[in-house]
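What follows is input.txt (compact mmCIF, C-alpha atoms).
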# COMPACT_ATOMS: atom_id res chain seq x y z
CA MET A 180 0.00 0.00 0.00
CA SER A 181 1.43 3.37 -0.88
CA LEU A 182 0.87 7.01 -0.15
CA ARG A 183 -1.31 8.55 -2.85
CA ARG A 184 -0.83 12.15 -1.77
CA PRO A 185 2.72 13.40 -1.96
CA VAL A 186 3.99 15.70 0.74
CA SER A 187 3.05 19.25 -0.20
CA GLU A 188 3.08 22.80 1.06
CA GLN A 189 -0.22 22.17 2.78
CA ASP A 190 1.41 19.66 5.11
CA HIS A 191 2.84 20.15 8.56
CA VAL A 192 6.44 19.26 7.99
CA ALA A 193 9.34 18.98 10.42
CA GLY A 194 12.67 18.59 8.73
CA SER A 195 14.19 19.31 5.37
CA ALA A 196 12.79 18.37 1.97
CA GLU A 197 16.35 17.23 1.21
CA ALA A 198 16.21 14.54 3.90
CA PRO A 199 16.60 11.02 2.46
CA LEU A 200 13.82 9.70 4.71
CA THR A 201 10.24 10.91 4.94
CA LEU A 202 7.91 9.60 7.62
CA VAL A 203 4.22 10.45 7.23
CA GLU A 204 1.86 9.76 10.11
CA TYR A 205 -1.94 9.73 9.93
CA GLY A 206 -3.07 10.31 13.50
CA ASP A 207 -5.98 11.09 15.79
CA TYR A 208 -5.38 13.35 18.80
CA GLN A 209 -7.71 11.35 21.04
CA CYS A 210 -6.36 7.95 20.06
CA PRO A 211 -4.38 6.40 22.91
CA HIS A 212 -2.04 4.60 20.51
CA CYS A 213 -1.19 7.85 18.74
CA ALA A 214 -0.48 9.51 22.08
CA ALA A 215 1.80 6.62 22.98
CA ALA A 216 3.54 6.74 19.59
CA ASP A 217 4.25 10.47 19.71
CA PRO A 218 7.31 10.37 22.03
CA VAL A 219 8.63 7.44 19.99
CA VAL A 220 8.42 9.54 16.84
CA ARG A 221 10.14 12.42 18.65
CA ALA A 222 12.97 10.11 19.71
CA VAL A 223 13.34 8.80 16.17
CA GLN A 224 13.48 12.38 14.88
CA LYS A 225 16.16 13.23 17.39
CA ALA A 226 18.20 10.14 16.55
CA LEU A 227 18.02 10.62 12.79
CA GLY A 228 18.41 14.38 12.79
CA ARG A 229 18.74 15.85 9.32
CA ASP A 230 18.18 12.50 7.66
CA LEU A 231 14.47 12.54 8.54
CA ARG A 232 11.53 14.64 7.48
CA PHE A 233 8.36 14.06 9.53
CA VAL A 234 4.85 14.91 8.35
CA PHE A 235 1.67 14.72 10.42
CA ARG A 236 -1.75 14.43 8.80
CA ASN A 237 -5.13 14.38 10.54
CA PHE A 238 -7.17 11.22 10.73
CA PRO A 239 -9.78 11.89 13.42
CA LEU A 240 -12.24 9.07 14.12
CA THR A 241 -14.88 11.53 15.22
CA GLU A 242 -17.65 9.19 16.33
CA MET A 243 -15.35 7.11 18.47
CA HIS A 244 -13.31 10.06 19.75
CA PRO A 245 -15.54 13.12 20.09
CA ALA A 246 -12.63 15.45 20.94
CA ALA A 247 -10.42 14.28 18.06
CA GLU A 248 -11.76 16.77 15.57
CA PRO A 249 -11.79 19.82 17.89
CA ALA A 250 -8.25 18.86 18.93
CA ALA A 251 -7.21 18.79 15.27
CA GLU A 252 -8.90 22.17 14.80
CA PHE A 253 -7.00 23.47 17.81
CA ALA A 254 -3.70 22.29 16.36
CA GLU A 255 -4.51 23.79 12.96
CA GLY A 256 -5.38 27.09 14.64
CA ALA A 257 -2.11 26.93 16.58
CA ALA A 258 -0.29 26.34 13.28
CA VAL A 259 -1.64 29.63 11.98
CA GLN A 260 -0.28 31.21 15.18
CA GLY A 261 3.07 29.62 14.38
CA LYS A 262 3.02 26.84 16.97
CA PHE A 263 1.73 23.69 15.31
CA TRP A 264 4.28 21.22 16.68
CA GLU A 265 4.14 22.74 20.15
CA ALA A 266 0.36 22.31 20.21
CA HIS A 267 0.57 18.86 18.62
CA ASP A 268 2.98 17.65 21.30
CA ALA A 269 1.07 19.34 24.10
CA ILE A 270 -2.21 17.66 23.13
CA PHE A 271 -0.64 14.21 23.09
CA ALA A 272 1.22 14.93 26.32
CA TRP A 273 -2.07 15.97 27.93
CA SER A 274 -3.64 12.78 26.71
CA ARG A 275 -0.86 10.67 28.18
CA ARG A 276 -1.00 12.48 31.50
CA HIS A 277 -4.74 12.87 32.00
CA GLY A 278 -6.17 10.22 29.67
CA PRO A 279 -7.61 10.76 26.18
CA PRO A 280 -11.23 11.15 27.42
CA SER A 281 -10.22 14.31 29.32
CA LEU A 282 -9.45 16.19 26.10
CA GLY A 283 -11.91 19.03 25.59
CA PRO A 284 -12.39 22.77 26.02
CA GLU A 285 -10.69 22.90 29.44
CA ALA A 286 -7.66 21.03 28.19
CA PHE A 287 -7.44 23.27 25.14
CA ALA A 288 -7.69 26.41 27.30
CA THR A 289 -4.90 25.17 29.57
CA ILE A 290 -2.67 24.23 26.66
CA ALA A 291 -3.30 27.54 24.91
CA LYS A 292 -2.29 29.37 28.07
CA SER A 293 0.86 27.35 28.60
CA LEU A 294 1.94 27.88 24.98
CA GLN A 295 0.96 31.56 25.09
CA LEU A 296 -1.45 31.11 22.22
CA ASP A 297 -4.44 33.35 21.55
CA ALA A 298 -7.01 31.16 23.30
CA ALA A 299 -10.04 33.20 22.25
CA GLN A 300 -9.01 32.92 18.61
CA LEU A 301 -8.55 29.15 18.92
CA GLU A 302 -11.93 28.81 20.56
CA ALA A 303 -13.46 30.76 17.68
CA ASP A 304 -11.58 28.61 15.15
CA ILE A 305 -13.02 25.43 16.70
CA GLU A 306 -16.48 26.93 16.98
CA SER A 307 -16.56 28.03 13.33
CA HIS A 308 -14.87 24.86 12.02
CA ARG A 309 -12.55 27.14 10.13
CA TYR A 310 -10.02 24.38 9.44
CA LEU A 311 -12.42 21.49 9.13
CA GLU A 312 -12.19 21.22 5.37
CA ARG A 313 -8.44 20.84 5.53
CA ILE A 314 -8.81 18.19 8.23
CA ARG A 315 -11.37 16.26 6.18
CA ASP A 316 -9.08 16.57 3.20
CA ASP A 317 -6.27 14.94 5.19
CA PHE A 318 -8.70 12.22 6.24
CA ASN A 319 -9.97 11.49 2.75
CA GLY A 320 -6.44 11.43 1.36
CA GLY A 321 -5.56 8.91 4.05
CA VAL A 322 -8.51 6.72 3.18
CA ARG A 323 -7.40 6.72 -0.45
CA SER A 324 -3.95 5.63 0.63
CA GLY A 325 -5.38 2.70 2.56
CA VAL A 326 -5.23 4.15 6.08
CA ASN A 327 -7.40 1.82 8.15
CA GLY A 328 -6.80 3.04 11.67
CA THR A 329 -4.51 5.20 13.74
CA PRO A 330 -1.68 5.72 13.87
CA SER A 331 -0.78 4.73 10.30
CA PHE A 332 2.75 5.38 9.09
CA PHE A 333 4.26 5.66 5.63
CA ILE A 334 8.02 5.55 5.13
CA ASN A 335 9.15 7.14 1.88
CA GLY A 336 5.64 6.64 0.56
CA THR A 337 5.27 2.97 1.53
CA ARG A 338 2.95 1.80 4.25
CA PHE A 339 4.75 0.66 7.40
CA ASP A 340 2.87 -2.13 9.12
CA GLY A 341 5.03 -2.60 12.19
CA GLY A 342 4.57 -1.04 15.60
CA ALA A 343 5.77 2.46 16.45
CA ASP A 344 8.66 0.99 18.45
CA GLU A 345 9.99 -0.59 15.25
CA LEU A 346 9.99 2.69 13.33
CA GLY A 347 13.56 3.66 14.17
CA GLU A 348 14.98 0.39 12.97
CA ALA A 349 12.92 0.40 9.78
CA LEU A 350 14.01 3.95 8.97
CA ARG A 351 17.69 3.35 9.70
CA ALA A 352 17.62 0.28 7.46
CA LEU A 353 16.85 2.57 4.52
CA LEU A 354 19.78 4.90 5.08
CA MET B 29 -16.81 -21.52 -2.95
CA PRO B 30 -14.61 -18.47 -3.63
CA ILE B 31 -16.14 -15.02 -3.25
CA LEU B 32 -18.21 -13.70 -6.13
CA THR B 33 -16.13 -11.82 -8.63
CA ALA B 34 -16.66 -8.86 -10.96
CA GLY B 35 -19.33 -9.44 -13.59
CA THR B 36 -21.48 -11.75 -11.44
CA PRO B 37 -25.07 -10.67 -10.76
CA ALA B 38 -25.30 -9.98 -7.02
CA PRO B 39 -27.74 -12.40 -5.36
CA ASN B 40 -30.69 -10.51 -3.92
CA PHE B 41 -31.41 -10.81 -0.20
CA SER B 42 -33.77 -9.47 2.38
CA LEU B 43 -32.41 -9.16 5.91
CA SER B 44 -33.42 -7.41 9.12
CA SER B 45 -31.58 -4.21 9.90
CA THR B 46 -33.54 -3.50 13.09
CA PRO B 47 -36.12 -5.52 15.03
CA ASP B 48 -38.87 -4.10 12.79
CA GLN B 49 -37.15 -3.19 9.51
CA ARG B 50 -35.95 -5.28 6.63
CA VAL B 51 -33.56 -4.23 3.91
CA SER B 52 -33.36 -5.82 0.47
CA LEU B 53 -30.53 -5.40 -1.98
CA SER B 54 -33.12 -4.62 -4.65
CA ASP B 55 -34.25 -1.56 -2.61
CA PHE B 56 -31.11 0.16 -3.85
CA ARG B 57 -31.38 -0.66 -7.54
CA GLY B 58 -30.29 2.46 -9.43
CA LYS B 59 -27.40 3.31 -7.10
CA PRO B 60 -24.17 1.54 -6.24
CA VAL B 61 -24.12 -0.57 -3.09
CA VAL B 62 -21.09 -1.31 -0.97
CA LEU B 63 -21.57 -4.59 0.85
CA ALA B 64 -19.16 -5.13 3.71
CA PHE B 65 -19.25 -8.58 5.30
CA TYR B 66 -17.39 -8.71 8.62
CA PRO B 67 -16.91 -11.47 11.17
CA ALA B 68 -18.59 -10.05 14.24
CA ASP B 69 -19.82 -7.00 16.14
CA TRP B 70 -17.71 -5.88 19.11
CA SER B 71 -14.36 -6.24 17.50
CA PRO B 72 -11.91 -5.06 20.14
CA VAL B 73 -9.66 -2.98 17.89
CA CYS B 74 -9.53 0.79 18.09
CA GLY B 75 -10.47 2.20 14.72
CA ASP B 76 -12.01 -1.02 13.48
CA GLN B 77 -13.43 -1.51 10.02
CA MET B 78 -17.01 -0.43 10.71
CA ALA B 79 -15.85 2.60 12.70
CA LEU B 80 -13.68 3.62 9.77
CA TYR B 81 -16.52 3.29 7.25
CA ASN B 82 -18.74 5.23 9.62
CA GLU B 83 -16.38 8.18 9.28
CA MET B 84 -16.68 8.06 5.52
CA LEU B 85 -20.43 8.23 5.12
CA ALA B 86 -20.21 11.71 3.64
CA GLU B 87 -17.85 10.35 0.98
CA PHE B 88 -20.18 7.44 0.27
CA ARG B 89 -23.06 9.90 -0.04
CA HIS B 90 -20.97 12.03 -2.35
CA GLN B 91 -20.52 8.94 -4.55
CA LYS B 92 -24.26 8.30 -4.23
CA ALA B 93 -23.45 4.86 -2.89
CA GLN B 94 -25.24 2.96 -0.14
CA LEU B 95 -23.12 1.22 2.48
CA LEU B 96 -24.42 -1.94 4.14
CA GLY B 97 -22.60 -3.91 6.84
CA ILE B 98 -23.44 -7.62 7.23
CA SER B 99 -22.54 -10.14 9.89
CA VAL B 100 -24.19 -13.18 11.44
CA ASP B 101 -24.99 -11.24 14.61
CA GLY B 102 -28.67 -10.78 15.46
CA VAL B 103 -30.61 -7.51 15.28
CA TRP B 104 -30.43 -6.80 19.02
CA CYS B 105 -26.68 -7.29 19.00
CA HIS B 106 -26.38 -5.00 15.96
CA ALA B 107 -28.60 -2.41 17.67
CA ALA B 108 -26.40 -2.36 20.78
CA PHE B 109 -23.21 -2.29 18.73
CA ALA B 110 -24.45 0.49 16.44
CA ALA B 111 -25.58 2.57 19.43
CA ASP B 112 -22.29 2.07 21.27
CA ARG B 113 -20.13 2.93 18.27
CA LYS B 114 -22.54 5.58 16.97
CA LEU B 115 -22.74 3.88 13.58
CA HIS B 116 -24.99 5.67 11.09
CA PHE B 117 -25.47 3.02 8.42
CA PRO B 118 -27.47 -0.22 8.37
CA LEU B 119 -26.01 -3.37 9.85
CA LEU B 120 -27.82 -6.40 8.47
CA ALA B 121 -28.40 -9.57 10.45
CA ASP B 122 -27.48 -12.65 8.41
CA PHE B 123 -28.77 -14.56 11.39
CA GLU B 124 -31.49 -17.02 10.40
CA PRO B 125 -30.70 -19.23 8.62
CA LYS B 126 -27.27 -18.30 9.86
CA GLY B 127 -24.88 -17.01 7.20
CA ALA B 128 -27.22 -17.82 4.31
CA VAL B 129 -26.41 -14.58 2.47
CA ALA B 130 -22.70 -14.82 3.20
CA ARG B 131 -22.74 -18.32 1.71
CA GLN B 132 -24.38 -17.00 -1.49
CA TYR B 133 -21.55 -14.51 -1.84
CA GLY B 134 -18.88 -17.09 -1.05
CA ALA B 135 -18.10 -15.16 2.11
CA TYR B 136 -18.97 -17.65 4.83
CA ARG B 137 -16.27 -19.06 7.05
CA GLU B 138 -17.48 -22.55 7.80
CA SER B 139 -14.76 -23.32 10.36
CA ASP B 140 -15.70 -20.38 12.60
CA GLY B 141 -19.37 -19.94 11.78
CA VAL B 142 -18.93 -16.26 10.86
CA SER B 143 -18.66 -14.20 7.68
CA GLU B 144 -15.34 -13.52 6.12
CA ARG B 145 -14.06 -9.95 5.91
CA ALA B 146 -15.21 -9.52 2.33
CA LEU B 147 -16.11 -6.42 0.34
CA PHE B 148 -18.35 -6.13 -2.71
CA VAL B 149 -19.09 -3.09 -4.83
CA ILE B 150 -22.34 -3.64 -6.73
CA ASP B 151 -23.35 -1.31 -9.53
CA ALA B 152 -26.71 0.37 -10.12
CA GLU B 153 -27.89 -2.63 -12.16
CA GLY B 154 -27.07 -5.12 -9.43
CA ILE B 155 -23.87 -6.53 -10.91
CA VAL B 156 -20.80 -7.13 -8.77
CA ARG B 157 -18.11 -4.80 -10.12
CA TRP B 158 -15.38 -5.38 -7.55
CA SER B 159 -14.80 -7.76 -4.69
CA PHE B 160 -12.08 -8.33 -2.17
CA LEU B 161 -11.43 -10.97 0.47
CA SER B 162 -9.28 -9.68 3.30
CA PRO B 163 -7.40 -11.86 5.76
CA ILE B 164 -9.88 -12.13 8.64
CA GLY B 165 -7.66 -10.26 11.09
CA VAL B 166 -6.84 -7.42 8.74
CA ASN B 167 -8.97 -4.30 8.38
CA PRO B 168 -8.97 -3.82 4.59
CA GLY B 169 -9.50 -0.06 4.78
CA ALA B 170 -11.53 1.63 2.07
CA ASP B 171 -9.15 2.53 -0.71
CA GLY B 172 -10.25 -0.44 -2.84
CA ILE B 173 -13.91 0.47 -2.36
CA PHE B 174 -13.38 4.06 -3.46
CA ASP B 175 -11.26 3.04 -6.44
CA ALA B 176 -14.10 0.75 -7.54
CA LEU B 177 -16.71 3.48 -7.04
CA ASP B 178 -14.52 5.89 -9.01
CA ALA B 179 -14.34 3.36 -11.83
CA LEU B 180 -18.16 3.12 -11.87
CA THR B 181 -18.48 6.90 -12.03
CA ALA B 182 -15.92 7.06 -14.81
CA LYS B 183 -18.01 4.57 -16.80
CA GLY B 184 -21.02 6.85 -16.38
CA THR B 185 -23.02 4.43 -14.28
CA PRO B 186 -23.51 6.45 -11.10
Written as structure tokens, how would this file's structure read?
Amino acid sequence: MSLRRPVSEQDHVAGSAEAPLTLVEYGDYQCPHCAAADPVVRAVQKALGRDLRFVFRNFPLTEMHPAAEPAAEFAEGAAVQGKFWEAHDAIFAWSRRHGPPSLGPEAFATIAKSLQLDAAQLEADIESHRYLERIRDDFNGGVRSGVNGTPSFFINGTRFDGGADELGEALRALL
Amino acid sequence: MPILTAGTPAPNFSLSSTPDQRVSLSDFRGKPVVLAFYPADWSPVCGDQMALYNEMLAEFRHQKAQLLGISVDGVWCHAAFAADRKLHFPLLADFEPKGAVARQYGAYRESDGVSERALFVIDAEGIVRWSFLSPIGVNPGADGIFDALDALTAKGTP
């Protein structure tokens, strides 16, 4: 199974386009497995440094995880305020500390404050679903690439079926 | 019997979707139908197959296609499962005689007494246009379904 949508300017990208390795994750902010995988991805990024480009795309399972979509909207709003990765990490960290069900308006307000984001703007962004189309677009692109749950990873465009803890090894093997 | 393949007329069926409603394949003549056989309600995985399809109902609507889930579970089990997972599409009970419809589609798993994880895309005239048998433990996703629906649209048979 391969990634149908190439990495583009629309994506949230950490790392250089020149990097020999690209890791794309489809994730859901209220999914416990995604929250658990996030520090693993961070560690892999740190270990591989300039050799890795990491891309995160939204795949919220909204009926199962009612806060997944607002959380994605929060992160998209934070991106516009220049702090996507900070918000991304903070949401997953919150989830690990307080449990995914506790994600919601209070969590978002606390995170916004700690990251010195414009909380009122973020609240308005979530309320108006300003970034929903982009989020759905990520989701639909994932479906077309065969994403069947979260987190789903693609390494250099090819689906990676192992666990998050095997990511580092799989990536290094390609260097 | 292997699963029905492209070009085969899809056998009609009439199954209960709720304690007081029945659904027939022929009800949907004129629009594509996506038939998703799955082994059982209450699959323990996060982001399971039915939950995934549930998130894509807008896309199915956009393609003017009707999604139907089928397993050998009974209507009350389906009702509880659908309510718990907030599923917004019909789950059909292939319950009595057990697995009769799955057998007609070559999607019954005799050894376990459940349906296979098998997908069928049926066109507006009731002909199977695409089918796929997934390993029972593997969520097949939906890319194959949408590729098949795209192919129908491209042929001008919405």
Box centre and edge lengths (Å, one decimal), axis-aligned, segment 263-267 of chain A plus 4 Å each side, as JSON:
{"center_x": 2.3, "center_y": 21.3, "center_z": 17.8, "size_x": 11.9, "size_y": 12.8, "size_z": 12.9}
Name the residues in contact with Gly347 of chain A at a cut-off of 10 Å, using only C-alpha atoms, excluding same-chain residues fewer than 2 positions from it; report them as a PyMOL selection string. chain A and resi 219-220+222-224+226-227+343-345+349-352
Chain A contacts on chain B, only C-alpha atoms, 9 Å, as a ChimeraX atom specification: /B:74-77,79-80,82-84,87,113-115,167-172,174-175
Ala93 of chain B: which residues within 8 Å, counting only C-alpha atoms, same-chain residues fewer than 6 positions away excluded, as a list in words?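 Those residues are Lys59, Pro60, Val61 and Val62 of chain B.
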Point-to-point distance from atom CA of Gly278 of chain A to atom CA of Phe117 of chain B, Å rounded to tenths: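 We find that atom CA of Gly278 of chain A and atom CA of Phe117 of chain B lie 29.6 Å from each other.
Picture a line from atom CA of Ala250 of chain A to atom CA of Asn335 of chain A; it runs 27.0 Å.
With all atoms listed in the file taken into account, the protein and nucleic acid residues at most 7 Å from Arg229 of chain A (excluding it and anything under 5 positions from it in its own chain) are A:Gly194, A:Ser195, A:Ala198.
Across the model, the gap from atom CA of Cys105 of chain B to atom CA of Ser139 of chain B is 21.8 Å.
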Starting from the sparse input, extend segment 231-261 of chain A to N, CA and C atoms and give the output as a compact mmCIF listing (two decimals), in the frame of the given file.
# COMPACT_ATOMS: atom_id res chain seq x y z
N LEU A 231 15.92 12.83 8.49
CA LEU A 231 14.47 12.54 8.54
C LEU A 231 13.61 13.78 8.41
N ARG A 232 12.58 13.63 7.57
CA ARG A 232 11.53 14.64 7.48
C ARG A 232 10.26 13.97 8.00
N PHE A 233 9.58 14.64 8.94
CA PHE A 233 8.36 14.06 9.53
C PHE A 233 7.15 14.92 9.16
N VAL A 234 6.09 14.23 8.77
CA VAL A 234 4.85 14.91 8.35
C VAL A 234 3.69 14.32 9.14
N PHE A 235 2.86 15.20 9.70
CA PHE A 235 1.67 14.72 10.42
C PHE A 235 0.41 15.14 9.68
N ARG A 236 -0.46 14.15 9.43
CA ARG A 236 -1.75 14.43 8.80
C ARG A 236 -2.88 13.96 9.72
N ASN A 237 -4.00 14.66 9.64
CA ASN A 237 -5.13 14.38 10.54
C ASN A 237 -5.96 13.20 10.07
N PHE A 238 -6.27 12.33 11.03
CA PHE A 238 -7.17 11.22 10.73
C PHE A 238 -8.10 11.00 11.93
N PRO A 239 -8.94 12.00 12.23
CA PRO A 239 -9.78 11.89 13.42
C PRO A 239 -10.96 10.93 13.22
N LEU A 240 -11.07 9.96 14.13
CA LEU A 240 -12.24 9.07 14.12
C LEU A 240 -13.27 9.72 15.04
N THR A 241 -14.08 10.57 14.43
CA THR A 241 -14.88 11.53 15.22
C THR A 241 -16.00 10.91 16.05
N GLU A 242 -16.55 9.80 15.57
CA GLU A 242 -17.65 9.19 16.33
C GLU A 242 -17.12 8.44 17.55
N MET A 243 -15.94 7.88 17.38
CA MET A 243 -15.35 7.11 18.47
C MET A 243 -14.66 8.05 19.46
N HIS A 244 -14.08 9.12 18.94
CA HIS A 244 -13.31 10.06 19.75
C HIS A 244 -13.86 11.47 19.53
N PRO A 245 -14.85 11.84 20.33
CA PRO A 245 -15.54 13.12 20.09
C PRO A 245 -14.64 14.35 20.15
N ALA A 246 -13.50 14.26 20.86
CA ALA A 246 -12.63 15.45 20.94
C ALA A 246 -11.53 15.43 19.88
N ALA A 247 -11.51 14.39 19.04
CA ALA A 247 -10.42 14.28 18.06
C ALA A 247 -10.46 15.42 17.04
N GLU A 248 -11.65 15.72 16.58
CA GLU A 248 -11.76 16.77 15.57
C GLU A 248 -11.50 18.16 16.16
N PRO A 249 -12.15 18.53 17.29
CA PRO A 249 -11.79 19.82 17.89
C PRO A 249 -10.30 19.92 18.20
N ALA A 250 -9.70 18.82 18.62
CA ALA A 250 -8.25 18.86 18.93
C ALA A 250 -7.46 19.15 17.65
N ALA A 251 -7.88 18.54 16.55
CA ALA A 251 -7.21 18.79 15.27
C ALA A 251 -7.41 20.25 14.86
N GLU A 252 -8.61 20.76 15.12
CA GLU A 252 -8.90 22.17 14.80
C GLU A 252 -8.03 23.10 15.66
N PHE A 253 -7.85 22.70 16.91
CA PHE A 253 -7.00 23.47 17.81
C PHE A 253 -5.56 23.52 17.27
N ALA A 254 -5.08 22.35 16.86
CA ALA A 254 -3.70 22.29 16.36
C ALA A 254 -3.54 23.08 15.06
N GLU A 255 -4.57 23.02 14.22
CA GLU A 255 -4.51 23.79 12.96
C GLU A 255 -4.52 25.29 13.26
N GLY A 256 -5.34 25.67 14.23
CA GLY A 256 -5.38 27.09 14.64
C GLY A 256 -4.02 27.51 15.20
N ALA A 257 -3.43 26.63 16.00
CA ALA A 257 -2.11 26.93 16.58
C ALA A 257 -1.07 27.07 15.47
N ALA A 258 -1.23 26.27 14.40
CA ALA A 258 -0.29 26.34 13.28
C ALA A 258 -0.31 27.74 12.68
N VAL A 259 -1.52 28.29 12.55
CA VAL A 259 -1.64 29.63 11.98
C VAL A 259 -0.98 30.66 12.91
N GLN A 260 -0.97 30.34 14.22
CA GLN A 260 -0.28 31.21 15.18
C GLN A 260 1.21 30.83 15.31
N GLY A 261 1.64 29.95 14.43
CA GLY A 261 3.07 29.62 14.38
C GLY A 261 3.55 28.56 15.36
